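Containing compact mmCIF, C-alpha atoms: structure_31.txt.
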# COMPACT_ATOMS: atom_id res chain seq x y z
CA MET A 457 -25.53 -25.39 -14.69
CA ALA A 458 -26.77 -28.81 -13.65
CA GLY A 459 -25.16 -30.49 -10.67
CA LYS A 460 -22.65 -29.13 -8.19
CA LYS A 461 -20.28 -26.46 -9.46
CA GLN A 462 -16.63 -27.41 -9.23
CA PHE A 463 -13.37 -26.86 -11.04
CA PRO A 464 -12.35 -29.64 -13.46
CA LYS A 465 -9.87 -32.15 -12.01
CA ASP A 466 -6.96 -31.10 -14.22
CA PHE A 467 -7.59 -27.37 -13.73
CA SER A 468 -4.87 -26.77 -11.10
CA GLN A 469 -2.17 -28.59 -13.07
CA LYS A 470 -2.95 -26.61 -16.22
CA MET A 471 -2.78 -23.40 -14.21
CA LEU A 472 0.56 -24.29 -12.62
CA ARG A 473 2.13 -25.15 -15.99
CA TRP A 474 0.91 -21.85 -17.43
CA TYR A 475 2.17 -19.93 -14.39
CA ASP A 476 5.65 -21.45 -14.67
CA GLU A 477 5.93 -20.19 -18.24
CA ASN A 478 4.10 -16.85 -18.02
CA ARG A 479 4.36 -15.37 -14.55
CA ARG A 480 5.55 -11.80 -14.30
CA ILE A 481 9.00 -11.12 -12.88
CA LEU A 482 8.30 -9.11 -9.73
CA PRO A 483 10.71 -8.09 -6.94
CA TRP A 484 8.77 -9.78 -4.14
CA ARG A 485 8.73 -13.02 -6.14
CA GLU A 486 12.38 -13.00 -7.17
CA THR A 487 13.71 -12.27 -3.68
CA PRO A 488 10.98 -13.76 -1.50
CA SER A 489 10.60 -13.63 2.27
CA PRO A 490 7.53 -13.59 4.54
CA TYR A 491 8.12 -9.89 5.23
CA ARG A 492 8.38 -8.95 1.55
CA THR A 493 5.31 -11.04 0.73
CA TRP A 494 3.38 -9.25 3.48
CA ILE A 495 4.39 -5.77 2.33
CA SER A 496 3.60 -6.56 -1.31
CA GLU A 497 0.18 -8.01 -0.52
CA VAL A 498 -0.86 -5.01 1.59
CA MET A 499 0.49 -2.60 -1.03
CA LEU A 500 -1.40 -4.33 -3.83
CA GLN A 501 -4.73 -4.34 -2.00
CA GLN A 502 -5.65 -1.06 -3.69
CA THR A 503 -2.75 -0.54 -6.10
CA ARG A 504 -1.97 -1.94 -9.55
CA VAL A 505 1.10 -4.16 -9.74
CA GLU A 506 2.83 -1.94 -12.31
CA ALA A 507 2.40 1.12 -10.11
CA GLY A 508 3.38 -0.72 -6.94
CA ILE A 509 6.82 -1.99 -7.97
CA ALA A 510 8.71 1.27 -7.45
CA TYR A 511 6.90 1.92 -4.16
CA PHE A 512 7.68 -1.59 -2.94
CA GLU A 513 11.38 -1.26 -3.72
CA ARG A 514 11.63 2.16 -2.07
CA PHE A 515 9.67 0.99 0.99
CA THR A 516 11.63 -2.22 1.59
CA GLU A 517 14.95 -0.45 1.05
CA ALA A 518 14.06 2.08 3.75
CA LEU A 519 12.35 -0.45 6.03
CA PRO A 520 13.89 -3.85 5.26
CA ASP A 521 12.37 -5.84 8.11
CA VAL A 522 9.71 -5.93 10.81
CA ALA A 523 11.95 -4.23 13.38
CA ALA A 524 12.64 -1.26 11.10
CA LEU A 525 8.94 -0.92 10.29
CA ALA A 526 7.93 -1.04 13.95
CA ALA A 527 10.48 1.67 14.80
CA ALA A 528 9.56 4.03 11.94
CA ASP A 529 7.92 7.33 12.90
CA GLU A 530 4.51 7.90 11.36
CA GLN A 531 5.39 10.89 9.18
CA SER A 532 8.35 9.08 7.60
CA LEU A 533 6.14 6.04 7.04
CA LEU A 534 3.42 8.12 5.40
CA LYS A 535 6.01 9.86 3.21
CA LEU A 536 7.16 6.45 1.95
CA TRP A 537 3.51 5.64 1.23
CA GLU A 538 2.83 9.00 -0.46
CA GLY A 539 0.93 8.52 -3.70
CA LEU A 540 -0.37 5.03 -2.93
CA GLY A 541 -3.53 6.26 -1.22
CA TYR A 542 -5.58 4.41 1.41
CA TYR A 543 -3.08 5.46 4.05
CA SER A 544 -4.72 3.34 6.74
CA ARG A 545 -2.84 0.45 5.10
CA ALA A 546 0.49 2.00 6.12
CA ARG A 547 -0.71 2.69 9.65
CA ASN A 548 -1.95 -0.87 10.00
CA LEU A 549 1.42 -2.18 8.81
CA LYS A 550 3.12 -0.30 11.64
CA LYS A 551 0.56 -1.52 14.20
CA ALA A 552 1.02 -5.08 13.02
CA ALA A 553 4.82 -4.73 13.14
CA GLY A 554 4.55 -3.68 16.78
CA ILE A 555 2.51 -6.81 17.53
CA LEU A 556 5.00 -8.99 15.67
CA MET A 557 7.87 -7.54 17.70
CA GLU A 558 6.04 -8.09 20.99
CA GLU A 559 4.49 -11.49 20.36
CA TYR A 560 6.42 -13.24 17.57
CA GLY A 561 10.03 -12.13 17.90
CA GLY A 562 9.83 -9.85 14.88
CA GLU A 563 8.77 -12.61 12.49
CA LEU A 564 5.47 -13.28 10.75
CA PRO A 565 3.80 -16.40 12.17
CA ALA A 566 3.41 -19.44 9.93
CA ASP A 567 -0.23 -19.63 10.99
CA TYR A 568 -3.19 -18.54 8.87
CA GLU A 569 -5.47 -17.76 11.84
CA ALA A 570 -2.74 -15.74 13.58
CA LEU A 571 -2.03 -13.80 10.39
CA LYS A 572 -5.71 -13.01 9.95
CA LYS A 573 -5.76 -11.30 13.37
CA LEU A 574 -3.04 -8.80 12.44
CA PRO A 575 -4.24 -5.24 11.70
CA GLY A 576 -5.00 -4.72 8.02
CA LEU A 577 -5.17 -8.41 7.11
CA GLY A 578 -8.35 -10.24 6.20
CA GLU A 579 -9.10 -13.61 4.65
CA TYR A 580 -7.53 -12.78 1.31
CA SER A 581 -4.28 -11.17 2.50
CA ALA A 582 -3.73 -13.73 5.27
CA GLY A 583 -4.37 -16.51 2.77
CA ALA A 584 -1.92 -15.04 0.28
CA ILE A 585 0.84 -14.68 2.88
CA ALA A 586 0.19 -18.09 4.45
CA SER A 587 0.21 -19.93 1.12
CA ILE A 588 2.98 -18.01 -0.65
CA ALA A 589 5.39 -17.53 2.27
CA PHE A 590 4.71 -20.72 4.23
CA GLY A 591 3.06 -23.18 1.83
CA ILE A 592 -0.06 -23.46 4.00
CA ARG A 593 -2.99 -24.94 2.07
CA VAL A 594 -5.43 -22.03 2.20
CA PRO A 595 -6.95 -19.98 -0.64
CA ALA A 596 -6.33 -16.33 -1.52
CA VAL A 597 -9.53 -15.13 -3.13
CA ASP A 598 -9.40 -11.56 -4.45
CA GLY A 599 -11.38 -9.85 -7.20
CA ASN A 600 -9.29 -11.51 -9.88
CA VAL A 601 -9.99 -14.97 -8.48
CA LEU A 602 -13.71 -14.27 -8.10
CA ARG A 603 -13.86 -13.17 -11.73
CA VAL A 604 -11.98 -16.24 -12.96
CA THR A 605 -14.20 -18.52 -10.86
CA ALA A 606 -17.42 -16.92 -12.10
CA ARG A 607 -16.34 -17.20 -15.73
CA VAL A 608 -14.83 -20.68 -15.67
CA LEU A 609 -17.93 -22.07 -13.93
CA ALA A 610 -20.45 -19.77 -15.69
CA ASP A 611 -21.69 -18.71 -12.26
CA ASP A 612 -24.20 -15.85 -12.55
CA ARG A 613 -24.47 -15.08 -8.84
CA ASN A 614 -23.51 -11.60 -7.61
CA ILE A 615 -19.86 -11.90 -6.55
CA GLU A 616 -20.18 -8.94 -4.18
CA GLU A 617 -22.68 -10.73 -1.95
CA THR A 618 -21.07 -12.27 1.14
CA PRO A 619 -22.72 -15.73 0.82
CA VAL A 620 -21.58 -15.91 -2.82
CA LYS A 621 -18.01 -14.95 -1.92
CA LYS A 622 -18.03 -17.63 0.77
CA ALA A 623 -19.37 -20.25 -1.66
CA MET A 624 -16.77 -19.36 -4.28
CA ARG A 625 -14.03 -19.51 -1.69
CA GLU A 626 -15.12 -23.06 -0.90
CA LEU A 627 -14.92 -23.91 -4.60
CA VAL A 628 -11.35 -22.59 -4.72
CA ILE A 629 -10.45 -24.57 -1.58
CA GLU A 630 -11.62 -27.76 -3.28
CA SER A 631 -9.34 -27.01 -6.25
CA LEU A 632 -6.19 -26.35 -4.18
CA PRO A 633 -3.28 -28.70 -4.91
CA TYR A 634 -1.40 -30.25 -2.01
CA GLU A 635 1.92 -28.93 -3.30
CA ARG A 636 2.81 -25.45 -4.61
CA VAL A 637 -0.36 -23.97 -3.21
CA GLY A 638 1.18 -20.50 -3.15
CA ASP A 639 2.05 -20.70 -6.83
CA TYR A 640 -1.45 -21.96 -7.59
CA ASN A 641 -3.07 -19.03 -5.77
CA GLN A 642 -0.78 -16.66 -7.64
CA SER A 643 -1.63 -18.35 -10.94
CA LEU A 644 -5.32 -17.60 -10.43
CA MET A 645 -4.57 -13.98 -9.61
CA GLU A 646 -2.16 -13.75 -12.55
CA LEU A 647 -4.74 -15.19 -14.94
CA GLY A 648 -7.26 -12.56 -13.83
CA ALA A 649 -4.70 -9.78 -14.21
CA LEU A 650 -3.26 -10.79 -17.59
CA ILE A 651 -5.83 -12.91 -19.43
CA CYS A 652 -9.31 -12.96 -17.88
CA LEU A 653 -9.47 -9.18 -17.90
CA PRO A 654 -11.94 -7.08 -15.87
CA ASN A 655 -12.52 -4.49 -18.58
CA GLY A 656 -12.80 -5.44 -22.20
CA ARG A 657 -12.71 -8.79 -23.93
CA PRO A 658 -10.74 -11.52 -22.13
CA LEU A 659 -7.82 -12.99 -24.06
CA CYS A 660 -9.38 -16.43 -24.38
CA GLU A 661 -7.03 -17.46 -27.19
CA SER A 662 -4.12 -17.22 -24.68
CA CYS A 663 -5.92 -18.81 -21.74
CA PRO A 664 -4.53 -22.13 -20.47
CA VAL A 665 -7.98 -23.27 -19.33
CA ALA A 666 -10.03 -21.99 -22.26
CA GLY A 667 -11.14 -25.52 -23.04
CA LEU A 668 -12.50 -25.89 -19.51
CA CYS A 669 -14.27 -22.49 -19.37
CA LEU A 670 -18.06 -22.67 -19.44
CA SER A 671 -18.58 -18.94 -20.05
CA ARG A 672 -16.40 -19.20 -23.16
CA GLU A 673 -18.35 -22.24 -24.30
CA LYS A 674 -21.65 -20.42 -23.77
CA ALA A 675 -20.44 -16.94 -24.86
CA LEU A 676 -21.23 -15.43 -21.44
CA TRP A 677 -18.02 -13.50 -20.78
CA GLU A 678 -19.68 -10.10 -21.37
CA THR A 679 -22.23 -10.68 -18.58
CA LEU A 680 -19.90 -12.31 -16.04
CA PRO A 681 -19.07 -11.74 -13.31
CA VAL A 682 -22.29 -10.22 -11.99
CA ARG A 683 -21.83 -7.17 -9.76
CA ARG A 684 -24.17 -4.65 -8.24
CA LYS A 685 -24.22 -1.20 -9.77
CA LYS A 686 -22.02 1.19 -7.82
CA PRO A 687 -23.64 4.34 -6.40
CA SER A 688 -22.52 7.64 -7.90
CA ARG A 689 -19.76 9.48 -6.06
CA ARG A 690 -20.41 12.77 -4.29
CA VAL A 691 -18.64 15.76 -5.85
CA GLU A 692 -16.86 18.20 -3.55
CA GLU A 693 -15.58 21.46 -5.02
CA LYS A 694 -12.67 23.34 -3.48
CA THR A 695 -10.15 26.08 -4.22
CA VAL A 696 -6.54 25.14 -3.50
CA LEU A 697 -4.16 27.91 -2.41
CA LEU A 698 -0.41 27.76 -2.88
CA LEU A 699 0.64 30.51 -0.51
CA TYR A 700 4.30 31.56 -0.84
CA ARG A 701 6.10 33.94 1.48
CA GLU A 702 9.77 34.52 2.26
CA GLY A 703 10.85 31.37 0.44
CA LYS A 704 8.35 29.10 2.17
CA ILE A 705 5.04 27.42 1.29
CA LEU A 706 2.14 27.17 3.71
CA LEU A 707 0.94 23.65 4.54
CA ARG A 708 -1.91 22.45 6.71
CA GLN A 709 -2.04 19.11 8.50
CA ARG A 710 -5.33 17.25 8.22
CA PRO A 711 -7.12 15.96 11.34
CA PRO A 712 -5.80 12.72 12.93
CA LYS A 713 -8.94 10.82 11.92
CA GLY A 714 -10.98 10.61 8.74
CA LEU A 715 -10.04 10.94 5.08
CA LEU A 716 -6.26 11.34 4.53
CA ALA A 717 -5.74 11.51 8.29
CA SER A 718 -2.64 13.41 9.49
CA LEU A 719 -1.37 14.08 5.96
CA TRP A 720 -0.26 17.55 4.90
CA GLU A 721 -2.02 19.58 2.22
CA PHE A 722 -2.18 23.02 0.70
CA PRO A 723 -4.83 25.18 2.38
CA ALA A 724 -8.13 25.21 0.53
CA LEU A 725 -11.38 27.13 0.46
CA PRO A 726 -14.74 25.41 0.14
CA GLU A 727 -16.29 25.58 -3.34
CA LYS A 728 -14.62 27.03 -6.42
CA LYS A 729 -13.71 30.70 -6.09
CA SER A 730 -12.91 33.20 -8.81
CA ARG A 731 -9.55 34.93 -9.08
CA GLU A 732 -11.12 38.12 -7.75
CA GLU A 733 -12.69 36.34 -4.78
CA VAL A 734 -9.41 34.64 -3.83
CA ALA A 735 -7.50 37.91 -4.15
CA ALA A 736 -10.00 39.75 -1.94
CA LEU A 737 -9.93 37.01 0.72
CA CYS A 738 -6.12 36.95 0.81
CA GLY A 739 -5.59 40.70 0.64
CA VAL A 740 -3.76 40.87 -2.68
CA SER A 741 -4.62 42.32 -6.08
CA PRO A 742 -6.11 40.01 -8.75
CA GLU A 743 -2.97 40.56 -10.83
CA ASP A 744 -0.90 38.99 -8.03
CA CYS A 745 -3.12 35.92 -7.88
CA LEU A 746 -1.90 33.42 -10.46
CA PRO A 747 -4.46 30.83 -11.68
CA LEU A 748 -3.07 27.28 -11.75
CA GLY A 749 -5.96 25.65 -13.53
CA ALA A 750 -8.40 22.90 -12.68
CA ALA A 751 -7.65 19.42 -11.34
CA ALA A 752 -9.74 16.49 -10.17
CA HIS A 753 -9.15 13.49 -7.94
CA ILE A 754 -11.39 10.46 -7.53
CA PHE A 755 -11.74 8.67 -4.20
CA SER A 756 -13.83 5.54 -3.73
CA HIS A 757 -16.82 7.52 -2.42
CA LYS A 758 -16.26 11.10 -3.55
CA GLU A 759 -14.59 13.30 -6.15
CA TRP A 760 -12.64 16.47 -5.57
CA HIS A 761 -13.02 19.09 -8.30
CA MET A 762 -10.42 21.76 -7.69
CA GLU A 763 -9.21 25.15 -8.91
CA GLY A 764 -5.76 26.32 -7.85
CA PHE A 765 -4.08 29.70 -7.32
CA PHE A 766 -0.54 30.77 -6.45
CA LEU A 767 -0.05 34.00 -4.50
CA SER A 768 2.16 35.69 -1.95
CA PRO A 769 0.08 37.07 0.93
CA GLY A 770 1.30 39.60 3.46
CA GLU A 771 1.56 39.07 7.20
CA GLY A 772 -1.66 37.81 8.72
CA PRO A 773 -2.94 36.74 12.13
CA PRO A 774 -1.20 33.88 13.98
CA LEU A 775 -1.94 30.49 12.43
CA PRO A 776 -3.32 27.43 14.23
CA GLU A 777 -0.88 24.71 15.30
CA ASN A 778 -1.72 22.50 12.33
CA TYR A 779 -0.37 25.10 9.85
CA ARG A 780 3.29 25.42 9.00
CA TRP A 781 5.45 27.48 6.63
CA VAL A 782 7.80 25.01 4.97
CA PRO A 783 10.79 25.42 2.64
CA PRO A 784 10.01 23.77 -0.72
CA GLU A 785 12.84 21.25 -0.42
CA GLU A 786 11.46 20.04 2.93
CA LEU A 787 7.96 19.89 1.48
CA LEU A 788 9.16 17.50 -1.23
CA LYS A 789 11.34 15.30 0.99
CA GLU A 790 9.69 15.16 4.40
CA PHE A 791 6.00 16.02 4.32
CA PRO A 792 3.53 13.35 3.13
CA ILE A 793 1.10 15.05 0.75
CA PRO A 794 -1.88 13.24 -0.83
CA SER A 795 -1.61 12.43 -4.53
CA ALA A 796 -4.78 14.48 -5.04
CA TYR A 797 -2.50 17.53 -4.96
CA ALA A 798 0.10 16.13 -7.37
CA PRO A 799 -0.92 18.50 -10.22
CA TYR A 800 -0.35 21.48 -7.94
CA GLN A 801 2.94 20.12 -6.62
CA LYS A 802 4.08 19.91 -10.23
CA LYS A 803 2.93 23.51 -10.86
CA LEU A 804 4.75 24.61 -7.72
CA ARG A 805 8.03 23.05 -8.85
CA GLU A 806 7.72 24.78 -12.21
CA LEU A 807 6.96 28.15 -10.63
CA LEU A 808 9.79 27.98 -8.10
CA SER A 809 12.30 27.01 -10.77
CA ASP A 810 11.49 30.32 -12.49
CA LEU A 811 11.84 32.46 -9.35
Let me see the file written as structure tokens.
Amino acid sequence: MAGKKQFPKDFSQKMLRWYDENRRILPWRETPSPYRTWISEVMLQQTRVEAGIAYFERFTEALPDVAALAAADEQSLLKLWEGLGYYSRARNLKKAAGILMEEYGGELPADYEALKKLPGLGEYSAGAIASIAFGIRVPAVDGNVLRVTARVLADDRNIEETPVKKAMRELVIESLPYERVGDYNQSLMELGALICLPNGRPLCESCPVAGLCLSREKALWETLPVRRKKPSRRVEEKTVLLLYREGKILLRQRPPKGLLASLWEFPALPEKKSREEVAALCGVSPEDCLPLGAAAHIFSHKEWHMEGFFLSPGEGPPLPENYRWVPPEELLKEFPIPSAYAPYQKKLRELLSDL
């Protein structure tokens, strides 16, 4: 494209008019506060809006303000976060809440640079909170906004490269209105979520800026935005054991650092084992070892391919401190268990209802 890339002059006004008429009704928008904006933005970093609504409502009901979040114990916090994944987000929320209590009187600061220094917040999240909660004229550039920018301006640079992200952020800054900047940032994100879709054909016929979009004009939407090819994920096979004895299920707490740190899980064996192998290792007959079927879970960098078995072992040697026999009702209410094990939690509920 000849000349300097920039958004058309009437772009922001078109976006704001569209947003007023088409924005989704979401709990953090309808009852706004800096705290609720913060929680929603952190929650939605790695979670779809539709999936996040119920979690947001449950979380903010249990922890309605910074003081409650700062005082929450970690296991209760992780249980509230159970199923959302990327649990470091929840831990960073608690760390940040502690800082807010100590340094800002339990309130989020109306300062973009101060927000950016809080644990778990980067340029995007700090920009979203600053603009939406406080009206500060800063951008909030996430994947949706990068995609919209690349398509509207027919920009074929790789949006995952840091210099390109920085350049696109500058383009968004230039387009920011002086009023309703939070709504404008949300309109860009909303357009990317509802119209300028990441997978499949964008809904150009419903786009408020279709007449200003260079990739539509040049039929480039299929090739934009440009991204680097993601490396293949490593596959890790494991055999999950639901061990039941005297009305209790055995759980194991994961190490305090690393993947799914400090969460509780069902014990597992490396690699996939046969029914006979599991029975022999646990000291029961194959007939007493109930197969629960296969399940898989995809992380950002690896995949778990699992086989599950339910059995009732006899007395064994003393267990390490990170193992615990837990009544099923406590398991469901108090122990944060990764969503990777959700298929086996479902199987467990079905089995126990028949006992």
Checklist entry - Could you work out how far CA of Thr605 (chain A) lies from CA of Trp677 (chain A), giving the answer in Å with one decimal? => result 11.8 Å
List every residue of region 634-724 of chain A that has an atom at most 7 Å from any atom of region 575-593 of chain A, and for each one report the closest atom pair and its distance in Å to one decimal, counting all atoms listed in the file, with rows sorted by chain and then by increasing residue number, as JSON lines.
{"residue": "A:Tyr634", "atom": "CA", "partner": "A:Arg593", "partner_atom": "CA", "distance": 6.9}
{"residue": "A:Arg636", "atom": "CA", "partner": "A:Gly591", "partner_atom": "CA", "distance": 6.8}
{"residue": "A:Val637", "atom": "CA", "partner": "A:Ser587", "partner_atom": "CA", "distance": 5.9}
{"residue": "A:Gly638", "atom": "CA", "partner": "A:Ile588", "partner_atom": "CA", "distance": 4.0}
{"residue": "A:Asp639", "atom": "CA", "partner": "A:Ile588", "partner_atom": "CA", "distance": 6.8}
Item to check | Close residues, region 760-769 of chain A itself excluded, 9 Å, all atoms listed in the file, min 5 positions apart in chain, as a PyMOL selection string | outcome: chain A and resi 690-702+724+727-731+734-735+738-740+744-755+796+800+804+807
Checklist entry - To one decimal place, how far is CA of Thr618 (chain A) from CA of Tyr542 (chain A) in Å? => result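 Value for the CA of Thr618 (chain A)-CA of Tyr542 (chain A) distance: 22.8 Å.
You will find CA of Glu678 (chain A) at 21.4 Å from CA of Gln462 (chain A).
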Checklist entry - Counting only C-alpha atoms, which of A:Lys550, A:Arg485, A:Lys470, A:Lys572 gets nearest to Leu534 (chain A)? => result A:Lys550
Next on the checklist: For a quick check of understanding, using only C-alpha atoms, which of A:Leu707, A:Glu517, A:Lys551, A:Ser544 has the smallest distance to Asp529 (chain A)?
Outcome noted: A:Lys551
Next on the checklist: Show me, as a ChimeraX atom specification, the residues that have an atom within 12 Å of region 773-777 of chain A when counting all atoms listed in the file, minus same-chain residues fewer than 6 positions from it.
Outcome noted: /A:706-711,723,738
Selection export as a compact mmCIF listing (two decimals), in the frame of the given file, atoms kept: C-alpha atoms:
# COMPACT_ATOMS: atom_id res chain seq x y z
CA LEU A 706 2.14 27.17 3.71
CA LEU A 707 0.94 23.65 4.54
CA ARG A 708 -1.91 22.45 6.71
CA GLN A 709 -2.04 19.11 8.50
CA ARG A 710 -5.33 17.25 8.22
CA PRO A 711 -7.12 15.96 11.34
CA PRO A 723 -4.83 25.18 2.38
CA CYS A 738 -6.12 36.95 0.81
Item to check | Which of A:Lys704, A:Gly770, A:Lys686, A:Val601 sits closest to Ser741 (chain A) [using all atoms listed in the file] | outcome: A:Gly770
Checklist entry - Taking all atoms listed in the file into account, which of A:Ala528, A:Leu808, A:Ala546, A:Val505 comes nearest Ala649 (chain A)? => result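 Distance minimum relative to Ala649 (chain A) lands on A:Val505.
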Next on the checklist: Give me, as a list in words, all polymer residues having an atom no more than 9 Å from Arg607 (chain A), counting all atoms listed in the file and skipping those fewer than 6 positions away in the same chain.
Outcome noted: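 These residues fall inside the cut-off: Cys652, Cys669, Leu670, Ser671, Arg672, Leu676, Trp677, Leu680 and Pro681 of chain A.
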Resulting file, chosen residues, C-alpha atoms, as a PDB file, keeping the file's coordinate frame:
ATOM      1  CA  CYS A 652      -9.310 -12.960 -17.880  1.00  0.00           C
ATOM      2  CA  CYS A 669     -14.270 -22.490 -19.370  1.00  0.00           C
ATOM      3  CA  LEU A 670     -18.060 -22.670 -19.440  1.00  0.00           C
ATOM      4  CA  SER A 671     -18.580 -18.940 -20.050  1.00  0.00           C
ATOM      5  CA  ARG A 672     -16.400 -19.200 -23.160  1.00  0.00           C
ATOM      6  CA  LEU A 676     -21.230 -15.430 -21.440  1.00  0.00           C
ATOM      7  CA  TRP A 677     -18.020 -13.500 -20.780  1.00  0.00           C
ATOM      8  CA  LEU A 680     -19.900 -12.310 -16.040  1.00  0.00           C
ATOM      9  CA  PRO A 681     -19.070 -11.740 -13.310  1.00  0.00           C
TER      10      PRO A 681
END
For region 579-585 of chain A, I'd like the enclosing box, axis-aligned and padded by 4 Å on every side, reported as AutoDock Vina command-line options with centre and edge lengths in Å to one decimal.
--center_x -4.1 --center_y -13.8 --center_z 2.8 --size_x 17.9 --size_y 13.3 --size_z 13.0
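Comparing the minimum interatomic distances between Asn548 (chain A) and each of A:Glu506, A:Tyr560, A:Trp494, A:Asp521, counting all atoms listed in the file, we find that A:Trp494 sits nearest.
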Item to check | For Ile555 (chain A): contacts at 12 Å, all atoms listed in the file, fewer than 6 positions along chain excluded, given as a list in words | outcome: Val522, Ala523, Leu525, Ala526, Ala527, Asn548, Leu549, Gly561, Gly562, Glu563, Leu564, Pro565, Ala570, Leu571, Lys573, Leu574 and Pro575 of chain A
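Taking all atoms listed in the file into account, Ala717 (chain A) lies nearest to A:Pro792 out of the set A:Pro792, A:Pro595, A:Gly648, A:Pro783.
Residues near the point (-4.4, 19.1, -2.1), at a distance of 6 Å or less over all atoms listed in the file, make up Glu721, Phe722, Ala796 and Tyr797 of chain A.
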Item to check | For Arg805 (chain A): contacts at 12 Å, all atoms listed in the file, fewer than 5 positions along chain excluded, given as a PyMOL selection string | outcome: chain A and resi 698+705+766+784-785+787-788+798-800+810-811
